[in-house]
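Participant: Quick one, model-v4.txt (compact mmCIF, C-alpha atoms):
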```txt
# COMPACT_ATOMS: atom_id res chain seq x y z
CA MET A 1 -89.70 19.13 49.63
CA ASN A 2 -86.65 21.00 50.87
CA LYS A 3 -84.44 22.22 48.05
CA PRO A 4 -80.73 22.74 48.62
CA LEU A 5 -80.35 26.33 49.74
CA SER A 6 -77.41 26.82 47.42
CA THR A 7 -79.76 26.46 44.44
CA LEU A 8 -82.11 29.16 45.65
CA THR A 9 -81.73 32.84 44.86
CA LEU A 10 -82.40 33.99 48.40
CA SER A 11 -80.91 36.83 50.40
CA PRO A 12 -78.69 35.80 53.33
CA SER A 13 -81.37 36.76 55.85
CA SER A 14 -83.95 34.73 53.90
CA ILE A 15 -81.61 31.72 53.98
CA ARG A 16 -81.30 32.12 57.75
CA HIS A 17 -85.08 32.35 58.09
CA GLU A 18 -85.53 29.14 56.12
CA LEU A 19 -82.84 27.35 58.14
CA ARG A 20 -84.44 28.51 61.37
CA ASN A 21 -87.83 27.14 60.32
CA ARG A 22 -86.31 23.81 59.28
CA ILE A 23 -84.48 23.49 62.60
CA ILE A 24 -87.72 23.99 64.53
CA ARG A 25 -89.56 21.47 62.36
CA LEU A 26 -86.83 18.87 62.50
CA ALA A 27 -88.10 15.42 63.47
CA ALA A 28 -86.01 13.35 65.85
CA THR A 29 -86.13 10.24 63.63
CA ASP A 30 -85.31 11.96 60.34
CA ARG A 31 -81.62 11.04 60.05
CA SER A 32 -81.37 12.04 56.40
CA GLY A 33 -83.17 15.29 57.11
CA PHE A 34 -80.75 16.06 59.91
CA ASP A 35 -77.74 15.45 57.68
CA SER A 36 -78.95 17.64 54.82
CA LEU A 37 -79.96 20.44 57.18
CA THR A 38 -76.60 20.20 58.96
CA LEU A 39 -74.74 20.63 55.69
CA ALA A 40 -76.88 23.66 54.85
CA VAL A 41 -76.16 25.21 58.25
CA PHE A 42 -72.45 24.49 57.78
CA ARG A 43 -72.33 26.35 54.46
CA TYR A 44 -74.28 29.27 55.94
CA GLN A 45 -71.92 29.56 58.91
CA ALA A 46 -68.83 29.07 56.76
CA ALA A 47 -69.95 32.13 54.80
CA PHE A 48 -71.20 34.40 57.59
CA ASN A 49 -69.28 33.50 60.77
CA PRO A 50 -65.97 35.41 60.63
CA ILE A 51 -64.15 33.32 63.25
CA TYR A 52 -65.33 29.97 61.89
CA SER A 53 -64.63 31.09 58.32
CA LEU A 54 -61.09 32.06 59.26
CA TYR A 55 -60.63 28.75 61.09
CA LEU A 56 -61.67 26.86 57.95
CA LYS A 57 -59.29 28.95 55.89
CA TYR A 58 -56.36 28.08 58.17
CA LEU A 59 -57.30 24.41 57.80
CA ASN A 60 -57.37 24.84 54.02
CA VAL A 61 -60.97 23.60 53.96
CA GLN A 62 -63.15 24.52 50.99
CA PRO A 63 -66.76 24.47 52.24
CA GLU A 64 -68.19 23.57 48.81
CA LYS A 65 -66.22 20.31 48.89
CA ILE A 66 -67.73 19.13 52.19
CA ARG A 67 -70.21 16.37 51.32
CA THR A 68 -70.88 14.55 54.64
CA ILE A 69 -71.26 15.70 58.23
CA ALA A 70 -68.20 13.64 59.21
CA GLN A 71 -66.08 15.92 56.99
CA ILE A 72 -67.17 19.11 58.76
CA PRO A 73 -64.41 20.67 60.91
CA PHE A 74 -65.43 21.30 64.52
CA LEU A 75 -64.43 24.53 66.25
CA PRO A 76 -62.44 23.94 69.48
CA ILE A 77 -64.59 24.99 72.41
CA GLY A 78 -61.83 27.23 73.77
CA PHE A 79 -62.55 29.76 71.00
CA PHE A 80 -65.59 30.86 73.05
CA LYS A 81 -63.17 32.14 75.68
CA GLN A 82 -61.22 34.36 73.31
CA HIS A 83 -63.65 35.54 70.63
CA PRO A 84 -67.30 36.48 70.11
CA ILE A 85 -68.58 33.53 68.07
CA LEU A 86 -71.37 35.00 65.95
CA THR A 87 -72.97 34.15 62.62
CA ARG A 88 -74.59 37.22 61.10
CA SER A 89 -75.79 37.39 57.53
CA SER A 90 -74.59 40.41 55.59
CA ASP A 91 -78.01 42.05 55.22
CA GLU A 92 -79.15 41.72 58.85
CA ALA A 93 -79.36 44.46 61.43
CA ARG A 94 -76.45 44.03 63.82
CA PRO A 95 -77.14 44.87 67.46
CA SER A 96 -74.09 45.46 69.62
CA LEU A 97 -72.75 42.66 71.81
CA GLU A 98 -73.96 44.55 74.88
CA ASP A 99 -77.54 44.26 73.60
CA LEU A 100 -77.42 40.49 73.15
CA LEU A 101 -78.41 37.88 75.71
CA THR A 102 -75.07 36.54 76.96
CA PHE A 103 -74.38 33.29 78.77
CA GLU A 104 -71.10 32.88 80.63
CA SER A 105 -69.48 29.80 82.09
CA SER A 106 -68.50 29.64 85.73
CA GLY A 107 -64.86 29.96 86.72
CA THR A 108 -62.59 30.89 89.55
CA THR A 109 -61.22 34.41 89.91
CA GLY A 110 -58.70 35.23 87.22
CA VAL A 111 -59.80 32.41 84.91
CA VAL A 112 -60.99 33.39 81.44
CA THR A 113 -64.54 32.12 80.99
CA SER A 114 -66.54 31.22 77.90
CA ARG A 115 -69.19 33.60 76.63
CA HIS A 116 -72.03 32.64 74.31
CA PHE A 117 -73.86 35.52 72.65
CA VAL A 118 -77.46 34.60 71.83
CA SER A 119 -79.01 36.63 69.02
CA ASP A 120 -82.33 34.75 69.00
CA PRO A 121 -83.56 33.87 72.52
CA VAL A 122 -86.92 32.77 71.11
CA LEU A 123 -85.21 30.04 69.09
CA TYR A 124 -83.40 28.86 72.22
CA ASP A 125 -86.63 28.85 74.22
CA THR A 126 -88.45 26.93 71.49
CA ILE A 127 -85.77 24.29 71.00
CA SER A 128 -85.06 23.69 74.70
CA GLN A 129 -88.77 23.29 75.43
CA LYS A 130 -89.23 20.95 72.47
CA ILE A 131 -86.33 18.76 73.59
CA PHE A 132 -87.60 18.54 77.17
CA GLU A 133 -91.21 17.88 76.27
CA THR A 134 -90.28 15.23 73.70
CA ARG A 135 -88.51 13.34 76.48
CA TYR A 136 -90.73 14.09 79.50
CA GLY A 137 -94.07 15.50 78.40
CA PRO A 138 -95.77 18.91 78.55
CA LEU A 139 -94.33 21.45 80.96
CA ASP A 140 -97.82 22.47 82.09
CA ARG A 141 -98.08 19.02 83.68
CA PHE A 142 -95.03 19.61 85.88
CA HIS A 143 -94.05 21.13 89.18
CA ILE A 144 -90.37 22.13 88.87
CA LEU A 145 -88.25 22.60 91.98
CA ALA A 146 -84.73 23.81 91.17
CA LEU A 147 -81.85 23.44 93.64
CA LEU A 148 -79.17 25.40 91.81
CA PRO A 149 -77.25 27.53 94.33
CA SER A 150 -73.97 27.87 92.45
CA TYR A 151 -75.78 28.95 89.28
CA LEU A 152 -78.23 31.28 91.02
CA GLU A 153 -75.31 33.13 92.58
CA ARG A 154 -74.49 34.60 89.16
CA ASN A 155 -76.82 36.24 86.66
CA ASN A 156 -75.68 34.82 83.33
CA SER A 157 -76.14 31.07 83.63
CA SER A 158 -77.72 29.34 80.64
CA LEU A 159 -79.07 26.64 82.96
CA VAL A 160 -80.85 29.13 85.22
CA TYR A 161 -82.25 30.92 82.16
CA MET A 162 -83.65 27.66 80.74
CA VAL A 163 -85.09 26.43 84.04
CA GLN A 164 -86.64 29.83 84.72
CA ARG A 165 -88.47 29.63 81.38
CA PHE A 166 -89.59 26.08 82.18
CA ILE A 167 -90.89 27.17 85.60
CA GLN A 168 -92.94 29.92 83.98
CA LYS A 169 -94.49 27.36 81.61
CA THR A 170 -95.64 25.14 84.52
CA ASN A 171 -97.97 27.79 85.98
CA SER A 172 -97.49 26.01 89.30
CA ALA A 173 -97.40 27.70 92.68
CA PHE A 174 -94.98 24.99 93.83
CA SER A 175 -92.44 25.62 91.08
CA GLY A 176 -89.47 27.77 91.95
CA PHE A 177 -85.79 28.12 92.79
CA PHE A 178 -84.15 27.15 96.06
CA LEU A 179 -80.78 28.71 96.83
CA HIS A 180 -79.65 27.22 100.15
CA ASN A 181 -83.10 26.90 101.74
CA THR A 182 -83.39 23.11 101.56
CA ALA A 183 -85.90 23.13 104.44
CA ASP A 184 -88.31 25.01 102.15
CA LEU A 185 -87.56 22.51 99.38
CA THR A 186 -88.40 19.61 101.71
CA ALA A 187 -91.59 21.35 102.84
CA ALA A 188 -92.74 21.88 99.25
CA LEU A 189 -92.19 18.22 98.43
CA GLN A 190 -94.02 17.16 101.61
CA GLU A 191 -96.97 19.34 100.62
CA LEU A 192 -97.04 17.75 97.17
CA ALA A 193 -96.88 14.29 98.77
CA ALA A 194 -99.81 15.18 101.05
CA HIS A 195 -101.91 16.34 98.11
CA PRO A 196 -100.82 14.22 95.10
CA GLU A 197 -101.96 15.16 91.62
CA PRO A 198 -102.17 12.06 89.39
CA ASP A 199 -101.85 14.09 86.19
CA HIS A 200 -98.73 16.02 87.27
CA ASN A 201 -95.06 15.12 87.40
CA ILE A 202 -92.51 16.66 89.74
CA LEU A 203 -89.03 17.57 88.51
CA LEU A 204 -86.38 18.15 91.14
CA ILE A 205 -83.41 19.46 89.19
CA GLY A 206 -80.25 20.26 91.05
CA VAL A 207 -76.54 20.83 90.86
CA THR A 208 -74.84 17.67 92.09
CA PHE A 209 -73.13 18.95 95.23
CA ALA A 210 -76.36 20.57 96.47
CA LEU A 211 -78.41 17.41 95.87
CA LEU A 212 -75.80 15.38 97.77
CA ASP A 213 -75.73 17.85 100.68
CA TRP A 214 -79.52 17.71 100.91
CA ALA A 215 -79.70 13.92 100.55
CA GLU A 216 -77.06 13.41 103.25
CA SER A 217 -78.82 15.68 105.74
CA ASP A 218 -80.80 14.27 108.68
CA THR A 219 -84.08 14.66 106.76
CA ASP A 220 -86.45 11.69 106.75
CA PHE A 221 -87.12 11.12 103.05
CA SER A 222 -89.63 8.29 103.45
CA PHE A 223 -92.42 10.65 102.35
CA LEU A 224 -90.95 10.65 98.83
CA LYS A 225 -92.46 7.18 98.36
CA SER A 226 -95.77 8.99 98.01
CA LEU A 227 -94.43 10.76 94.90
CA PRO A 228 -94.16 8.03 92.24
CA ARG A 229 -94.03 10.67 89.50
CA LEU A 230 -90.97 12.38 90.98
CA VAL A 231 -87.99 12.85 88.63
CA VAL A 232 -84.68 13.69 90.30
CA MET A 233 -82.22 15.16 87.80
CA GLU A 234 -78.59 16.15 88.39
CA THR A 235 -76.82 18.68 86.22
CA GLY A 236 -73.30 17.81 87.35
CA GLY A 237 -71.08 20.20 89.21
CA MET A 238 -68.88 19.92 92.27
CA LYS A 239 -66.64 22.96 91.55
CA GLY A 240 -64.45 22.21 94.55
CA ARG A 241 -67.43 22.04 96.93
CA ARG A 242 -67.00 18.32 97.67
CA GLN A 243 -64.73 15.37 97.03
CA GLU A 244 -64.83 14.26 93.41
CA LEU A 245 -67.07 11.27 92.77
CA LEU A 246 -67.88 9.14 89.76
CA ARG A 247 -71.34 9.74 88.31
CA GLU A 248 -72.25 6.15 89.23
CA GLU A 249 -71.24 6.81 92.84
CA VAL A 250 -73.33 9.96 92.93
CA HIS A 251 -76.36 8.14 91.54
CA ASP A 252 -75.96 5.26 94.00
CA LEU A 253 -75.85 7.67 96.94
CA LEU A 254 -78.88 9.62 95.76
CA THR A 255 -81.03 6.61 94.93
CA ALA A 256 -80.23 5.01 98.30
CA ARG A 257 -81.03 8.13 100.33
CA LEU A 258 -84.01 9.41 98.36
CA GLY A 259 -85.57 6.06 97.56
CA VAL A 260 -86.00 6.75 93.83
CA SER A 261 -85.32 4.08 91.22
CA ALA A 262 -83.06 6.19 88.98
CA ILE A 263 -81.31 9.54 88.80
CA HIS A 264 -81.77 11.47 85.58
CA SER A 265 -79.09 13.72 84.11
CA GLU A 266 -78.87 16.72 81.82
CA TYR A 267 -76.06 17.25 79.30
CA GLY A 268 -75.60 20.91 78.56
CA MET A 269 -73.02 23.65 78.56
CA THR A 270 -72.62 27.36 78.06
CA GLU A 271 -71.51 26.92 74.47
CA LEU A 272 -74.54 24.84 73.42
CA LEU A 273 -78.22 25.76 73.17
CA SER A 274 -79.50 22.17 72.80
CA GLN A 275 -79.56 19.62 75.60
CA ALA A 276 -79.48 15.86 75.94
CA TYR A 277 -81.10 13.94 78.78
CA SER A 278 -80.44 10.64 80.49
CA THR A 279 -83.31 8.84 82.20
CA GLY A 280 -80.89 6.66 84.13
CA ASP A 281 -77.69 4.62 83.98
CA GLY A 282 -75.77 7.58 82.53
CA VAL A 283 -76.95 6.93 78.95
CA PHE A 284 -77.82 10.19 77.19
CA GLN A 285 -80.11 10.39 74.18
CA MET A 286 -79.19 12.73 71.36
CA SER A 287 -82.02 15.18 70.82
CA PRO A 288 -83.63 16.33 67.56
CA THR A 289 -81.21 19.24 67.13
CA LEU A 290 -78.14 17.69 68.75
CA ARG A 291 -75.87 14.92 67.50
CA VAL A 292 -72.63 13.60 68.94
CA LEU A 293 -69.74 12.41 66.78
CA LEU A 294 -66.69 10.91 68.45
CA ARG A 295 -63.23 11.90 67.28
CA ASP A 296 -59.97 10.02 67.60
CA VAL A 297 -58.23 11.11 70.81
CA ASN A 298 -54.94 11.40 68.92
CA ASP A 299 -56.29 12.99 65.74
CA PRO A 300 -58.97 15.66 66.20
CA PHE A 301 -59.84 15.59 62.49
CA SER A 302 -60.57 11.84 62.37
CA ILE A 303 -64.14 10.79 63.21
CA LEU A 304 -64.68 7.34 64.73
CA PRO A 305 -67.18 5.00 63.04
CA LEU A 306 -70.75 4.94 64.33
CA PRO A 307 -71.90 1.76 66.10
CA ASP A 308 -73.85 0.61 63.02
CA ASP A 309 -70.63 0.85 61.00
CA GLN A 310 -68.64 -1.32 63.42
CA PRO A 311 -68.53 -5.13 63.62
CA ALA A 312 -70.75 -6.55 66.36
CA SER A 313 -67.65 -7.95 68.05
CA ALA A 314 -65.79 -4.62 68.06
CA THR A 315 -64.71 -3.23 71.43
CA ARG A 316 -66.38 -0.09 72.66
CA LEU A 317 -64.44 2.89 71.30
CA THR A 318 -63.68 5.97 73.38
CA GLY A 319 -63.28 9.33 71.67
CA GLY A 320 -63.46 13.06 72.13
CA ILE A 321 -67.01 14.37 71.90
CA ASN A 322 -67.82 16.61 68.94
CA VAL A 323 -71.29 18.14 69.08
CA ILE A 324 -73.48 19.28 66.23
CA ASP A 325 -75.99 21.70 67.74
CA LEU A 326 -78.33 23.13 65.15
CA ALA A 327 -79.84 25.48 67.73
CA ASN A 328 -76.50 27.34 67.56
CA LEU A 329 -77.59 28.76 64.22
CA ASP A 330 -76.36 32.23 65.13
CA SER A 331 -73.07 31.19 66.76
CA CYS A 332 -71.40 27.95 65.66
CA SER A 333 -73.13 24.59 65.36
CA PHE A 334 -69.93 22.51 65.27
CA ILE A 335 -68.18 22.32 68.64
CA GLU A 336 -65.16 20.22 69.60
CA THR A 337 -65.65 19.74 73.35
CA GLN A 338 -63.14 18.58 75.93
CA ASP A 339 -65.34 15.63 76.96
CA LEU A 340 -64.55 11.98 76.37
CA GLY A 341 -67.42 9.72 75.41
CA GLN A 342 -68.60 6.42 74.04
CA TYR A 343 -71.50 5.40 71.85
CA GLU A 344 -74.01 3.18 73.64
CA LYS A 345 -74.38 0.06 71.53
CA GLY A 346 -77.94 -1.21 71.19
CA THR A 347 -79.35 2.23 72.01
CA PRO A 348 -79.96 4.30 68.86
CA ASN A 349 -78.53 7.79 69.34
CA GLY A 350 -77.33 6.89 72.83
CA PHE A 351 -73.99 7.97 74.26
CA ARG A 352 -72.09 8.11 77.53
CA VAL A 353 -69.78 10.78 78.87
CA ILE A 354 -66.87 9.11 80.62
CA GLY A 355 -64.47 11.93 81.50
CA ARG A 356 -62.59 14.97 80.28
CA PHE A 357 -59.39 15.75 78.50
CA ASP A 358 -58.68 18.43 81.10
CA ASN A 359 -60.30 20.51 83.81
CA SER A 360 -62.42 22.54 81.42
CA ASP A 361 -65.20 24.53 83.02
CA ILE A 362 -68.25 23.16 81.25
CA ARG A 363 -71.09 21.86 83.33
CA GLY A 364 -73.19 18.80 83.72
CA CYS A 365 -71.50 16.46 81.31
CA ASN A 366 -68.72 14.43 82.80
CA LEU A 367 -68.09 11.15 84.54
CA MET A 368 -66.00 12.85 87.19
CA VAL A 369 -68.53 15.25 88.67
CA ILE A 370 -66.20 18.19 89.34
```
Translate this structure into structure tokens?
Facilitator:
Amino acid sequence: MNKPLSTLTLSPSSIRHELRNRIIRLAATDRSGFDSLTLAVFRYQAAFNPIYSLYLKYLNVQPEKIRTIAQIPFLPIGFFKQHPILTRSSDEARPSLEDLLTFESSGTTGVVTSRHFVSDPVLYDTISQKIFETRYGPLDRFHILALLPSYLERNNSSLVYMVQRFIQKTNSAFSGFFLHNTADLTAALQELAAHPEPDHNILLIGVTFALLDWAESDTDFSFLKSLPRLVVMETGGMKGRRQELLREEVHDLLTARLGVSAIHSEYGMTELLSQAYSTGDGVFQMSPTLRVLLRDVNDPFSILPLPDDQPASATRLTGGINVIDLANLDSCSFIETQDLGQYEKGTPNGFRVIGRFDNSDIRGCNLMVI
């Protein structure tokens, strides 16, 4: 049984080690386990994250008085643009920022971008693989073809890092990245269609504008009917490459051209190390280490009630998306994003992303695919 960490006489690094192990073990259905672990992570970060600790101080928040996850203050995502957000226990070795794995958001010239310093890449690898395989199955039963030109053109994308690790796990000669060479992508898929493997899935994961460009080419996609285990997944992202479209419009275009029944989606961003996936219809499932709480659009410190706490007749509420990401153990697990979302009634842990407060530069998680 897990004892409250505050009752244990452990060193700070030992507390972190225990939290890390509990995060990895966390079961997706253990709601009470998630809440207690979240509170333990909050108290750890309130003590050992200088920026978050100072933020709590300015809010006049006393961490020992926080009793529920709804009471936890969420750090505005813009802090990642201005400060190194790091949680480091007092007795740990402290490598310099230059020695840490660093993810950076995309942005136009002159725009300040977010940076996420990752002290524990192994934890990120473990959690991201666990989330994917819980939803889709073992990576060694996949061929992964990645059409991610805008992300491959820079060397610090969290998405490219994750997909690269996934590709390595597949041990497939077909798996790989495609920059602008969509003819090679088509040829690889045609080869897989000619020699189907009943025990393997195919994941085509792509940035939205590149998938649309490929789908709207003069390619004959009828051969894709021979790939019933094909998963087409968009990560969002127009970045001025094409006219803005609603996610539903994007999915309609892709399903019509490619002949697949649904378009899957990934919810992720530079500032988060956990992901959420949608297997269609734009409904994302919270993952074992990621939970979404909606905040009042007019009061960032007021959390909207969960669907189970609302009357059945209540209208669907729209709120700002706050994310609890326990994989962010060494940065900050409590992020106030600039996304707008809704809970999906009738789908436990389901949520939709319906837009943004502004033109923030996070990826893959908006209704307007920009």
Participant: When distances are computed from only C-alpha atoms, which of A:Asp330, A:Asn201, A:Leu148, A:Thr182 shows the smallest separation from Thr87 of chain A?
Facilitator: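 Of A:Asp330, A:Asn201, A:Leu148, A:Thr182, the one nearest Thr87 of chain A is A:Asp330, counting only C-alpha atoms.
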Participant: Using all atoms listed in the file for the distances, tell me which of A:Val122, A:Ala256, A:Ile15, A:Val231 is nearest to Leu273 of chain A.
Facilitator: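 Residue with the minimum atom-to-atom distance to Leu273 of chain A: A:Val122.
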Participant: Provide the atom CA of Phe178 of chain A to atom CA of Tyr124 of chain A distance in Å, to one decimal place.
Facilitator: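 Answer for the atom CA of Phe178 of chain A to atom CA of Tyr124 of chain A separation: 23.9 Å.
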Participant: Restricting the calculation to all atoms listed in the file, which member of A:Ile303, A:Ala173, A:Leu227, A:Ile131 is positioned closest to Pro198 of chain A?
Facilitator: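 Closest to Pro198 of chain A of all the choices is A:Leu227.
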Participant: From the list A:Phe74, A:Tyr343, A:Phe34, A:Phe351, which residue is nearest Val323 of chain A when using all atoms listed in the file?
Facilitator: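 Checking each of A:Phe74, A:Tyr343, A:Phe34, A:Phe351 against Val323 of chain A, counting all atoms listed in the file, the winner is A:Phe74.
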Participant: For Leu152 of chain A, list every protein, DNA or RNA residue within 9 Å, evaluated using all atoms listed in the file, and leave out those in the same chain fewer than 4 positions away; present the list as a ChimeraX atom specification.
Facilitator: /A:148,156-157,160,177-179
Participant: Filtering to C-alpha atoms, could you give me those residues as a compact mmCIF listing (two decimals), keeping the file's coordinate frame?
Facilitator:
```txt
# COMPACT_ATOMS: atom_id res chain seq x y z
CA LEU A 148 -79.17 25.40 91.81
CA ASN A 156 -75.68 34.82 83.33
CA SER A 157 -76.14 31.07 83.63
CA VAL A 160 -80.85 29.13 85.22
CA PHE A 177 -85.79 28.12 92.79
CA PHE A 178 -84.15 27.15 96.06
CA LEU A 179 -80.78 28.71 96.83
```
Participant: Provide the atom CA of Glu104 of chain A to atom CA of Ile24 of chain A distance in Å, to one decimal place.
Facilitator: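 Separation of atom CA of Glu104 of chain A and atom CA of Ile24 of chain A: 24.8 Å.
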Participant: Taking (-76.6, 39.5, 59.4) in the file's own coordinates, collect the residues within 9 Å, counting all atoms listed in the file, and hand them back as a list in words.
Facilitator: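 In the file's frame, the residues around the point are Pro12, Ser13, Arg16, Phe48, Thr87, Arg88, Ser89, Ser90, Asp91, Glu92, Ala93 and Arg94 of chain A.
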Participant: So how far away is atom CA of Tyr151 of chain A from atom CA of Ile205 of chain A, in Å?
Facilitator: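 If I compute the distance from atom CA of Ile205 of chain A to atom CA of Tyr151 of chain A, I get 12.2 Å.
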Participant: Counting only C-alpha atoms, which of A:Leu306, A:Leu159, A:Ile127, A:Leu258 gets nearest to Thr270 of chain A?
Facilitator: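 The answer is A:Leu159, which sits nearest to Thr270 of chain A.
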Participant: List as a PyMOL selection string: which residues have an atom within 12 Å of (-70.0, 8.9, 79.3), counting all atoms listed in the file?
Facilitator: chain A and resi 246-248+265+267+278+281-285+292+294+316-321+339-344+350-356+364-369
